[in-house]
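Novice: Got a structure here, written out as structure tokens. Questions coming.
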Amino acid sequence: MNSNRKPLSSTLIATAGASLVVVGLAASTIYSETAPKPSSASERSSLQHARTVSRVESGARATIETLDSAFADLASFVAPAVVHIRVTNPETDNATPFMSPMGGEGSGVIYRSDGYILTNDHVVNGFNKVTVILNDGREFPGEVIRATDTDLAVVKIKAKDLPTLKFADSEKVRVGQYAMAVGAPFGLENSVTIGHISGLNRANNIPDSRIDQGMRSYFGLIQTDAPINSGNSGGPLINIDGEVVGINTAISSPSGVNAGIGFAIPSNQAQVIADMLIDKGKVVRSFMGVGPETLKEFRRKELGLEGGAVLKEVGDGPAKRAGLKQGDIVLRIGEAPVRNEVDLRQAMLRYAPKETVQVEVFRDKKRMTFDLTLEEATPEKTLPRNPRQQPRRQQQEWPDDPFGGQQMPEWIPREFFRGFGPQGPQGGPEGAPRVRQQGEKPRLGVSVETLNAESRKQHSLPSSAKGILVVAVAPGSLGEQLGLEAGDLIRKLGGQEVNSVDGLVKVMDTLSYGDQTTLEFQRHRDGRTEVQLRTFTLE
């Protein structure tokens, strides 16, 4: 068990939840003048604070007070189990003019009372020193155990009898329920924000050149409108019972700060990873060799199924050797029911490599069972990524902040941002023009990579396709203004063919502000190919 404290009683909260029905009715009478209208300025001055809530009906007022008290009690209950994580890396002291010494802050939740803290891997990623600051002010050095492909990590500190929280069953989370995010946004410890569960089973791929895989893939994320900002990463998303339903991980935002769309790794997934890191020191994942997608609701109803995961891809691997085919709907792996894509991926953690499991699938209106021997997943042997899940405009909350306190989307290489402020070419506060540095060169504001066999397959590109693959586009950048999207191929810049990342950078280095030039790029969508040419002036 990860918890030594009972969840907060839901009795009080349940009553408070009903208050939303009557709060609107009471709003018009909450603030009203009870004294006669003053006839002079002196009388108005003496009466200016004489506002009252006395006309609110006693039942409505009690309900509002219950709601108010309930959220305050919830925040107090959760706070002792949430920590602030501070990281520094002395190896980066010799920074370039475009990079400050790396250091940062994030959050975490105490997972076990004997000193195990659960957080995001990107909070502690690549740092030599980790300091954990408890709610009571004590500080401890921490030892990190990482699971890079899941973006989770465990930090061990030498402490005991620490307060913990119960982890809820994230499969029971419903859209519309209350949610509370707790953490240290922008280093402000013990910050609490309140919202709702906005969506379930979100997925995306976010490039990150700092890890071996070069990409972090997220599946089954919980979406929330509880405000999340840089520094909230690793902290808990809480339900009304004071239980953890997720680990706050990422936001989608054009500006880099909260825009009302945040994401958390579900508690069920987080627990499996945390227990494995603590017990084994690493994550051991099995491999089937398939690319799954949750069965659409209308198809589920048409086929009379309760759920399932459609195999959009079946590559060389155990699944293909066992007889599974593209289009099969997986219903069960071993004893684990597969209701969606997330269940299938979770089964790869539940069953060990070299273990033989029965896989039940639905094919041609029949249920079939196959014996499948799992293999161990490696960076070279991973589940194919869903090509629909592009990293466009999805922003990760990375811990370092080299741009004067304004967060940039770290998953796009920094060198492509020279010449652009945090809000695009205009940048600066309230859209004021950003002052350029002497000799500064313009940049497109895109993350690119040279085409290879894997990227061709991921983006369904024909073998004849040529150019540099656009992996991500910075919000507000020149690239976005020109209409570039993830998956596009940049073919020519200024009339010159570009066949490598270095080639693109070299061409950009020959350009200056005020130059008029052209960009040619190719787009492959739904089996169609379009070539687009843009003429523009670098301003």
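In the structure tokens, chains take the letters A, B, ... in the order shown, each chain's residues start at 1, and ligands count up from 1 in the order shown.
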List the neighbours of stretch 457-474 of chain A out to 6 Å using only C-alpha atoms; skip same-chain residues closer than 5 positions along the sequence, and give me the result as a list in words.
Specialist: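 After dropping sequence-adjacent residues, the list is Pro387, Arg392, Gly445, Val446, Ser447, Val448, Glu449, Thr450, Ala486, Gly487, Asp488, Leu489, Ile490, Arg491 and Asn499 of chain A.
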Novice: Within 9 Å of A:Met180, counting only C-alpha atoms, which residues qualify if same-chain residues fewer than 3 places away don't, as a PyMOL selection string?
Specialist: chain A and resi 71+74-75+192-196+226-227+236-240+242
Novice: Go ahead and dump the residues you just picked, all heavy atoms, as a short mmCIF file (atom, residue, chain, number, x, y, z; two decimals), in the first residue's frame.
Specialist:
data_model
loop_
_atom_site.label_atom_id
_atom_site.label_comp_id
_atom_site.auth_asym_id
_atom_site.auth_seq_id
_atom_site.Cartn_x
_atom_site.Cartn_y
_atom_site.Cartn_z
N PHE A 71 -13.56 22.66 0.18
CA PHE A 71 -12.34 22.85 -0.61
C PHE A 71 -11.15 23.22 0.27
O PHE A 71 -10.03 22.77 0.05
CB PHE A 71 -12.57 23.91 -1.69
CG PHE A 71 -13.32 23.41 -2.88
CD1 PHE A 71 -14.43 24.08 -3.35
CD2 PHE A 71 -12.92 22.26 -3.54
CE1 PHE A 71 -15.13 23.63 -4.44
CE2 PHE A 71 -13.61 21.79 -4.65
CZ PHE A 71 -14.72 22.47 -5.10
N LEU A 74 -10.00 20.11 2.00
CA LEU A 74 -9.33 19.25 1.04
C LEU A 74 -7.89 19.71 0.81
O LEU A 74 -6.95 18.91 0.81
CB LEU A 74 -10.10 19.24 -0.29
CG LEU A 74 -9.54 18.39 -1.42
CD1 LEU A 74 -9.46 16.93 -1.02
CD2 LEU A 74 -10.41 18.55 -2.67
N ALA A 75 -7.69 21.02 0.64
CA ALA A 75 -6.34 21.56 0.43
C ALA A 75 -5.46 21.29 1.65
O ALA A 75 -4.28 20.92 1.50
CB ALA A 75 -6.42 23.06 0.15
N VAL A 192 -2.52 25.78 -4.86
CA VAL A 192 -3.69 24.93 -5.12
C VAL A 192 -4.54 25.59 -6.20
O VAL A 192 -4.83 26.78 -6.13
CB VAL A 192 -4.52 24.75 -3.84
CG1 VAL A 192 -5.83 24.05 -4.14
CG2 VAL A 192 -3.73 23.96 -2.80
N THR A 193 -4.94 24.82 -7.20
CA THR A 193 -5.89 25.30 -8.20
C THR A 193 -7.02 24.28 -8.32
O THR A 193 -6.80 23.08 -8.13
CB THR A 193 -5.22 25.50 -9.57
OG1 THR A 193 -4.58 24.29 -9.97
CG2 THR A 193 -4.20 26.62 -9.51
N ILE A 194 -8.19 24.75 -8.66
CA ILE A 194 -9.38 23.89 -8.68
C ILE A 194 -10.06 23.98 -10.05
O ILE A 194 -10.14 25.05 -10.65
CB ILE A 194 -10.37 24.30 -7.58
CG1 ILE A 194 -9.73 24.10 -6.20
CG2 ILE A 194 -11.66 23.49 -7.67
CD1 ILE A 194 -10.54 24.64 -5.05
N GLY A 195 -10.51 22.86 -10.53
CA GLY A 195 -11.23 22.81 -11.80
C GLY A 195 -12.01 21.52 -11.90
O GLY A 195 -12.53 21.02 -10.91
N HIS A 196 -12.03 20.98 -13.11
CA HIS A 196 -12.79 19.76 -13.37
C HIS A 196 -11.98 18.80 -14.24
O HIS A 196 -10.97 19.17 -14.82
CB HIS A 196 -14.11 20.09 -14.10
CG HIS A 196 -14.99 21.03 -13.38
ND1 HIS A 196 -14.83 22.40 -13.44
CD2 HIS A 196 -16.05 20.81 -12.55
CE1 HIS A 196 -15.75 22.98 -12.69
NE2 HIS A 196 -16.50 22.04 -12.13
N ALA A 226 -8.20 22.49 -14.36
CA ALA A 226 -7.56 23.05 -13.17
C ALA A 226 -6.24 23.67 -13.63
O ALA A 226 -5.43 22.98 -14.25
CB ALA A 226 -7.30 21.97 -12.13
N PRO A 227 -5.99 24.96 -13.39
CA PRO A 227 -4.81 25.61 -13.94
C PRO A 227 -3.51 24.91 -13.56
O PRO A 227 -3.23 24.65 -12.39
CB PRO A 227 -4.87 27.01 -13.33
CG PRO A 227 -6.33 27.25 -13.11
CD PRO A 227 -6.88 25.91 -12.69
N PRO A 236 0.34 16.10 -7.75
CA PRO A 236 -0.86 15.27 -7.90
C PRO A 236 -2.07 16.05 -8.39
O PRO A 236 -2.24 17.24 -8.12
CB PRO A 236 -1.10 14.78 -6.46
CG PRO A 236 -0.60 15.91 -5.61
CD PRO A 236 0.58 16.49 -6.34
N LEU A 237 -2.93 15.34 -9.12
CA LEU A 237 -4.28 15.79 -9.43
C LEU A 237 -5.19 15.01 -8.49
O LEU A 237 -5.15 13.78 -8.46
CB LEU A 237 -4.62 15.52 -10.89
CG LEU A 237 -5.93 16.12 -11.42
CD1 LEU A 237 -5.83 17.64 -11.45
CD2 LEU A 237 -6.26 15.58 -12.81
N ILE A 238 -6.01 15.73 -7.73
CA ILE A 238 -6.73 15.15 -6.60
C ILE A 238 -8.24 15.16 -6.86
O ILE A 238 -8.77 16.09 -7.46
CB ILE A 238 -6.44 15.98 -5.32
CG1 ILE A 238 -4.93 16.04 -5.05
CG2 ILE A 238 -7.17 15.42 -4.12
CD1 ILE A 238 -4.30 14.72 -4.74
N ASN A 239 -8.94 14.12 -6.38
CA ASN A 239 -10.40 14.12 -6.43
C ASN A 239 -10.97 14.66 -5.12
O ASN A 239 -10.22 15.04 -4.21
CB ASN A 239 -10.95 12.73 -6.77
CG ASN A 239 -10.65 11.69 -5.67
OD1 ASN A 239 -10.28 12.03 -4.54
ND2 ASN A 239 -10.81 10.43 -6.00
N ILE A 240 -12.29 14.68 -4.99
CA ILE A 240 -12.90 15.30 -3.81
C ILE A 240 -12.71 14.48 -2.55
O ILE A 240 -13.00 14.95 -1.45
CB ILE A 240 -14.40 15.55 -4.03
CG1 ILE A 240 -15.15 14.24 -4.28
CG2 ILE A 240 -14.63 16.53 -5.17
CD1 ILE A 240 -16.66 14.38 -4.30
N GLY A 242 -9.73 13.44 -1.66
CA GLY A 242 -8.32 13.59 -1.30
C GLY A 242 -7.45 12.48 -1.83
O GLY A 242 -6.38 12.22 -1.30
#
Novice: Could you check which of A:Ala60, A:Ala319, A:Leu295, A:Val82 is closest to A:Val338, using only C-alpha atoms?
Specialist: A:Leu295
Novice: Return the single residue from A:Leu221, A:Ala70, A:Leu484, A:Val361 that is closest to A:Arg523, with distances computed using only C-alpha atoms.
Specialist: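 Looking only at the distances to A:Arg523, the closest residue turns out to be A:Leu484.
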Novice: Do you know which residues are at most 9 Å from A:Lys492 counting only C-alpha atoms, after dropping those on the same chain fewer than 6 positions away, and could you put them as a ChimeraX atom specification?
Specialist: /A:467,498-499,504,518-521
Novice: Find the distance between atom CA of A:Gln522 and atom CA of A:Leu451 and write it in Å to one decimal.
Specialist: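 One can read the atom CA of A:Gln522 to atom CA of A:Leu451 distance as 13.2 Å.
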Novice: Measure the distance from atom CA of A:Met508 to atom CA of A:Leu444 in Å and round it to one decimal.
Specialist: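 Atom CA of A:Met508 sits 8.2 Å away from atom CA of A:Leu444.
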Novice: Name the residues of stretch 122-281 of chain A that come out as alpha helix (DSSP H) in a backbone DSSP run; write them as a list in words.
Specialist: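 Selection result, alpha helix (DSSP H) within stretch 122-281 of chain A: His122, Val123, Val124, Ser267, Asn268, Gln269, Ala270, Gln271, Val272, Ile273, Ala274, Asp275, Met276, Leu277, Ile278, Asp279 and Lys280 of chain A.
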Novice: If we count only C-alpha atoms and set the cut-off at 12 Å, which residues sit around A:Asp343, ignoring sequence neighbours fewer than 6 positions away in its own chain? Please answer as number ranges by chain.
Specialist: A: 171, 201, 219-220, 268-269, 292-295, 307-310, 330-337, 349-350
Novice: For the selection you just gave me, I'd like the residues written to a file as a PDB file, in the first residue's frame, keeping C-alpha atoms.
Specialist:
ATOM      1  CA  GLU A 171     -10.687   3.943 -14.479  1.00  0.00           C
ATOM      2  CA  ASN A 201      -7.843   8.940 -22.789  1.00  0.00           C
ATOM      3  CA  PHE A 219      -1.454   7.446 -23.690  1.00  0.00           C
ATOM      4  CA  GLY A 220      -4.635   7.550 -21.639  1.00  0.00           C
ATOM      5  CA  ASN A 268      -3.352   3.387 -12.249  1.00  0.00           C
ATOM      6  CA  GLN A 269      -0.511   3.746 -14.724  1.00  0.00           C
ATOM      7  CA  PRO A 292      -3.331  -0.165 -31.249  1.00  0.00           C
ATOM      8  CA  GLU A 293      -6.185   2.330 -31.316  1.00  0.00           C
ATOM      9  CA  THR A 294      -9.276   2.425 -29.112  1.00  0.00           C
ATOM     10  CA  LEU A 295     -12.345   1.028 -30.881  1.00  0.00           C
ATOM     11  CA  GLY A 307     -14.799  -2.361 -25.834  1.00  0.00           C
ATOM     12  CA  GLY A 308     -11.533  -3.285 -27.483  1.00  0.00           C
ATOM     13  CA  ALA A 309      -8.386  -2.030 -29.221  1.00  0.00           C
ATOM     14  CA  VAL A 310      -8.107  -2.141 -33.010  1.00  0.00           C
ATOM     15  CA  VAL A 330      -8.109  -7.230 -29.172  1.00  0.00           C
ATOM     16  CA  LEU A 331     -10.558  -8.008 -26.361  1.00  0.00           C
ATOM     17  CA  ARG A 332      -8.336  -9.716 -23.798  1.00  0.00           C
ATOM     18  CA  ILE A 333      -4.659 -10.368 -23.041  1.00  0.00           C
ATOM     19  CA  GLY A 334      -4.181 -13.126 -20.487  1.00  0.00           C
ATOM     20  CA  GLU A 335      -6.608 -12.367 -17.670  1.00  0.00           C
ATOM     21  CA  ALA A 336      -6.653  -8.643 -18.433  1.00  0.00           C
ATOM     22  CA  PRO A 337      -9.692  -7.301 -20.340  1.00  0.00           C
ATOM     23  CA  LEU A 349       3.661  -4.000 -18.038  1.00  0.00           C
ATOM     24  CA  ARG A 350       1.535  -6.642 -16.353  1.00  0.00           C
TER      25      ARG A 350
END
